Amino acid sequence: MPAKVPTVPPPPVPAAPPPRRRGRVVAIGVLLAVALVAVFLFIRRGRTTELRIATGQKGGTFLPLGVELARNVQREHPNVRLTVIESKGSPFSIDMLEKKEVELALVSNNSTGQELEGEHVRLIAPLYPETLQVVVRAGANIATPGDLANKRVAIGPAASGTEQIAWQVLEHFKIDKTRITALNMPPLDAATQLEKGEIDAVFVVAGLRAPVVERMLARPELSLLSLGPPDKVGGPIDGIHVDAPYLLSAVVPERTYGDKPVEPVGTVSVRALLVVREDLDDDLVYDLTQSLFANKLRLAQKEKLLAQLSEKFDPAEAPYPVHPGADRYLRRNEPSVFEQNAEYFSFLLAVAGIGWSGVTALHAWRKRSQKGRIELYFANLAELTKSARAATTTTELEELLRALNETEAKALGELASERLEANEAFRVLQEGLRAIEDDLLRQLRARA
């Protein structure tokens with residue numbers, strides 16, 4: 001008879017814990033999970049995020065704008081430190097983003113990288129127009145763009161966005177590299193040489209009231225060169241736009257820089273963009289975008305150019321796609337698919353014809369209302385100009401200055417509430433108010 005193979009008894013099954021003990025285990029697990037989340041959030045909140053933004057060179061508008069944006073970010077997000085980095089121009093800033101030397105940058109929408117194509121660059125928002133301003137020396141006898149031939153002209157740093165725009169404009173007027181002495185130099189160096197009479201003209205691409213342009217135009221022998229009549233349809237400025245579609249028609253209003261120019265100057269402009277590297281955290285970019293738009297009025301009081309900042313922009317204004325974090329903020333008020341009730345689709349289609357006519361009429365009424373309001377401000381501007389010229393006492397000048405500040409504050413408030421539109425007319429209004437303010441302050445200093 002074969003031997004019996006011994007069997008191994010199965011391991012004992014532990015008894016289930018009583019209900020009270022199971023409850024304690026679950027409670028302890030939940031508390032541990034909450035504690036871990038709290039620790040994670042605490043560590044994350046206490047951790048400082050270091051960011052860098054590439055701007056521009058001294059004398060332009062990108063560098064002071066970058067400083068103001070950094071202050072705003074620091075105020076809104078104490079754990080985010082944004083360091084301002086000077087750049088030789090937009091193409092260099094694009095390369096810095098691609099090489100991960102910076103995380104954000106201020107660039108012009110005509111620029112690509114000097115070495116790299118900006119494949120990983122993403123848009124947060126367009127900010128304001130960057131205007132071409134050509135400053136010429138009286139002794140150089142430059143009355144038209146064609147007169148720049150055979151002259152010594154500073155066209156910005158080598159490979160910069162300014163140089164690119166300068167050649168687009170010069171070539172439109174049949175001035176190639178054989179007909180001009182083109183000099184590559186930063187704006188402050190160019191201003192110094194122009195003031196000394198060592199060169200004849202300087203190309204500057206910057207926001208209106210750029211410090212370097214203001215410095216040059218303070219001298220009586222220097223003035224702005226017009227590229228053509230600003231209001232002429234089909235004139236030279238429209239021709240430049242045909243050659244380079246990213247160059248838009250623009251105008252430097254009279255008295256933008258103190259008493260200069262004495263009449264509007266026709267020119268071209270590009271859009272200044274705030275861009276970011278593609279791999280920057282979506283939530284962080286969302287917070288940066290929110291900080292930018294939520295503090296628009298405060299930023300505009302520090303940097304007037306940002307009064308034109310708007311969430312309603314055409315993405316085609318930039319050569320870069322919108323960053324997902326910025327896009328999420330811009331779409332925050334859009335209804336979700338769940339919130340859209342499919343039952344009413346057929347009804348909406350049935351009344352679409354009637355609704356369209358109503359919407360069109362409402363849109364036209366709103367445009368007329370905005371136009372009427374801006375015309376009231378221009379009428380007020382004319383009265384302030386007339387009163388400023390007639391003022392003879394310090395009291396009158398101070399009263400006019402208070403009235404002007406109230407007008408400007410009211411205009412910014414109506415812009416925020418969208419009773420006014422951030423368009424060319426609003427920018428001209430701002431520049432007119434600023435010109436009067438400068439004139440009043442100059443008169444008050446003279447009487448002090």
# chains A, B, ... in the order shown; residues from 1 in each chain; ligands from 1
$ closest_atom_pairs --of "segment 179-288 of chain A" --to "segment 421-441 of chain A" --cutoff "8 Å" --atoms "only C-alpha atoms" --output "JSON lines"
{"residue": "A:Pro253", "atom": "CA", "partner": "A:Val428", "partner_atom": "CA", "distance": 6.5}
{"residue": "A:Glu254", "atom": "CA", "partner": "A:Gly432", "partner_atom": "CA", "distance": 7.9}
{"residue": "A:Arg255", "atom": "CA", "partner": "A:Ala435", "partner_atom": "CA", "distance": 5.6}
{"residue": "A:Thr256", "atom": "CA", "partner": "A:Ala435", "partner_atom": "CA", "distance": 5.7}
{"residue": "A:Tyr257", "atom": "CA", "partner": "A:Ala435", "partner_atom": "CA", "distance": 7.1}
{"residue": "A:Gly258", "atom": "CA", "partner": "A:Ala435", "partner_atom": "CA", "distance": 6.1}
$ select_by_dssp --residues "segment 98-153 of chain A" --states "strand (DSSP E or B)" --output "VMD selection string"
chain A and resid 104 to 108 121 to 137 152 to 153
$ residues_around --residues "segment 185-193 of chain A" --least-positions-apart "4" --cutoff "7 Å" --atoms "only C-alpha atoms" --output "list of chain:residue names"
A:Lys58, A:Gly59, A:Ala154, A:Gly156, A:Pro157, A:Gly197, A:Glu198, A:Ile199, A:Val202, A:Val204, A:Val212, A:Met216
$ select_by_dssp --residues "segment 169-403 of chain A" --states "helix (DSSP H, G or I)" --output "ChimeraX atom specification"
/A:169-172,187-195,211-217,236-243,282-294,296-302,304-308,315-317,324-330,342-350,352-390,394-403
$ atom_distance --atom1 "atom CA of Ala210 of chain A" --atom2 "atom CA of Leu224 of chain A"
13.1 Å
$ residues_around --residues "Thr162 of chain A" --least-positions-apart "2" --cutoff "8 Å" --atoms "only C-alpha atoms" --output "list in words"
Gly89, Ile155, Gly156, Pro157, Ser160, Gln164, Ile165, Ala166, Phe203, Val204 and Val205 of chain A
$ residues_around --residues "segment 110-122 of chain A" --least-positions-apart "6" --cutoff "10 Å" --atoms "only C-alpha atoms" --output "PyMOL selection string"
chain A and resi 89-99+103-104+158-162+164-165+244-247+269-272+274-280+317-324+326
$ write_last_selection --atoms "N, CA and C atoms" --output "CSV table (one decimal), in the first residue's frame"
chain,number,residue,atom,x,y,z
A,89,GLY,N,17.6,92.9,-28.7
A,89,GLY,CA,16.5,93.0,-29.6
A,89,GLY,C,15.7,91.8,-29.6
A,90,SER,N,14.5,91.9,-30.3
A,90,SER,CA,13.5,90.8,-30.3
A,90,SER,C,14.1,89.5,-30.8
A,91,PRO,N,14.9,89.5,-32.0
A,91,PRO,CA,15.4,88.2,-32.4
A,91,PRO,C,16.3,87.5,-31.4
A,92,PHE,N,17.1,88.3,-30.7
A,92,PHE,CA,17.9,87.8,-29.6
A,92,PHE,C,17.1,87.2,-28.5
A,93,SER,N,16.0,87.9,-28.1
A,93,SER,CA,15.1,87.4,-27.1
A,93,SER,C,14.5,86.1,-27.4
A,94,ILE,N,14.1,85.9,-28.7
A,94,ILE,CA,13.5,84.7,-29.2
A,94,ILE,C,14.5,83.5,-29.0
A,95,ASP,N,15.8,83.8,-29.4
A,95,ASP,CA,16.8,82.8,-29.2
A,95,ASP,C,17.0,82.5,-27.7
A,96,MET,N,17.0,83.5,-26.8
A,96,MET,CA,17.1,83.2,-25.4
A,96,MET,C,16.0,82.3,-24.9
A,97,LEU,N,14.8,82.5,-25.4
A,97,LEU,CA,13.7,81.6,-25.0
A,97,LEU,C,14.0,80.2,-25.4
A,98,GLU,N,14.4,80.1,-26.7
A,98,GLU,CA,14.6,78.7,-27.2
A,98,GLU,C,15.8,78.0,-26.5
A,99,LYS,N,16.8,78.8,-26.1
A,99,LYS,CA,17.9,78.2,-25.4
A,99,LYS,C,17.7,78.0,-23.9
A,103,GLU,N,12.5,82.7,-19.4
A,103,GLU,CA,11.2,82.0,-19.5
A,103,GLU,C,10.1,82.9,-20.2
A,104,LEU,N,10.3,84.2,-20.2
A,104,LEU,CA,9.3,85.1,-20.8
A,104,LEU,C,10.1,86.1,-21.6
A,158,ALA,N,22.7,95.1,-35.0
A,158,ALA,CA,22.8,94.1,-36.0
A,158,ALA,C,21.8,93.0,-35.7
A,159,ALA,N,21.0,92.6,-36.7
A,159,ALA,CA,20.1,91.4,-36.6
A,159,ALA,C,18.9,91.7,-35.7
A,160,SER,N,18.7,93.0,-35.4
A,160,SER,CA,17.6,93.3,-34.5
A,160,SER,C,16.3,93.5,-35.3
A,161,GLY,N,15.2,93.6,-34.6
A,161,GLY,CA,13.9,93.8,-35.3
A,161,GLY,C,13.9,95.2,-35.9
A,162,THR,N,14.5,96.2,-35.2
A,162,THR,CA,14.6,97.6,-35.8
A,162,THR,C,15.4,97.6,-37.1
A,164,GLN,N,15.6,95.1,-39.3
A,164,GLN,CA,14.7,94.5,-40.2
A,164,GLN,C,13.7,95.5,-40.8
A,165,ILE,N,13.0,96.2,-39.9
A,165,ILE,CA,12.0,97.2,-40.3
A,165,ILE,C,12.7,98.4,-41.1
A,244,ALA,N,5.4,94.8,-46.8
A,244,ALA,CA,5.6,94.0,-45.5
A,244,ALA,C,4.3,94.1,-44.7
A,245,PRO,N,3.4,93.1,-44.9
A,245,PRO,CA,2.0,93.1,-44.3
A,245,PRO,C,2.0,93.3,-42.8
A,246,TYR,N,3.1,92.9,-42.1
A,246,TYR,CA,3.1,93.0,-40.6
A,246,TYR,C,3.3,94.5,-40.2
A,247,LEU,N,3.7,95.4,-41.1
A,247,LEU,CA,3.9,96.8,-40.8
A,247,LEU,C,2.6,97.5,-41.1
A,269,SER,N,4.0,100.7,-37.8
A,269,SER,CA,4.1,100.1,-36.4
A,269,SER,C,4.0,98.6,-36.5
A,270,VAL,N,4.5,97.9,-35.5
A,270,VAL,CA,4.3,96.5,-35.3
A,270,VAL,C,3.7,96.3,-33.9
A,271,ARG,N,3.3,95.1,-33.6
A,271,ARG,CA,2.7,94.9,-32.3
A,271,ARG,C,3.7,94.3,-31.3
A,272,ALA,N,3.8,94.9,-30.1
A,272,ALA,CA,4.6,94.3,-29.0
A,272,ALA,C,3.8,93.2,-28.4
A,274,LEU,N,3.8,89.9,-25.4
A,274,LEU,CA,4.4,89.2,-24.3
A,274,LEU,C,4.3,87.7,-24.6
A,275,VAL,N,5.5,87.0,-24.6
A,275,VAL,CA,5.6,85.6,-25.0
A,275,VAL,C,6.2,84.8,-23.9
A,276,VAL,N,6.1,83.5,-24.0
A,276,VAL,CA,6.6,82.6,-22.9
A,276,VAL,C,7.1,81.3,-23.6
A,277,ARG,N,7.9,80.6,-22.9
A,277,ARG,CA,8.4,79.3,-23.4
A,277,ARG,C,7.3,78.3,-23.3
A,278,GLU,N,7.2,77.4,-24.3
A,278,GLU,CA,6.1,76.4,-24.4
A,278,GLU,C,6.0,75.5,-23.2
A,279,ASP,N,7.1,75.2,-22.6
A,279,ASP,CA,7.1,74.2,-21.5
A,279,ASP,C,6.9,74.8,-20.1
A,280,LEU,N,6.6,76.1,-20.0
A,280,LEU,CA,6.3,76.7,-18.7
A,280,LEU,C,4.9,76.1,-18.3
A,317,GLU,N,-2.5,88.2,-35.0
A,317,GLU,CA,-1.6,89.3,-34.8
A,317,GLU,C,-0.2,88.9,-34.4
A,318,ALA,N,-0.1,87.6,-34.0
A,318,ALA,CA,1.2,87.1,-33.5
A,318,ALA,C,1.6,85.9,-34.4
A,319,PRO,N,2.9,85.7,-34.6
A,319,PRO,CA,3.3,84.5,-35.3
A,319,PRO,C,3.4,83.2,-34.5
A,320,TYR,N,3.0,83.3,-33.2
A,320,TYR,CA,3.1,82.2,-32.3
A,320,TYR,C,1.7,81.8,-31.7
A,321,PRO,N,1.5,80.5,-31.5
A,321,PRO,CA,0.2,80.1,-30.9
A,321,PRO,C,0.1,80.5,-29.5
A,322,VAL,N,-1.1,80.7,-29.0
A,322,VAL,CA,-1.4,81.1,-27.6
A,322,VAL,C,-1.0,79.9,-26.7
A,323,HIS,N,-0.3,80.2,-25.6
A,323,HIS,CA,0.0,79.2,-24.6
A,323,HIS,C,-1.3,78.6,-24.0
A,324,PRO,N,-1.3,77.3,-23.7
A,324,PRO,CA,-2.5,76.7,-23.1
A,324,PRO,C,-3.0,77.3,-21.8
A,326,ALA,N,-2.5,80.5,-20.9
A,326,ALA,CA,-3.1,81.8,-21.3
A,326,ALA,C,-4.5,81.6,-21.9
$ closest_residue --among "A:Ser226, A:Ser417, A:Asn295, A:Thr407" --to "Val252 of chain A" --atoms "only C-alpha atoms"
A:Ser226
$ atom_distance --atom1 "atom CA of Ile180 of chain A" --atom2 "atom CA of Gly139 of chain A"
17.1 Å
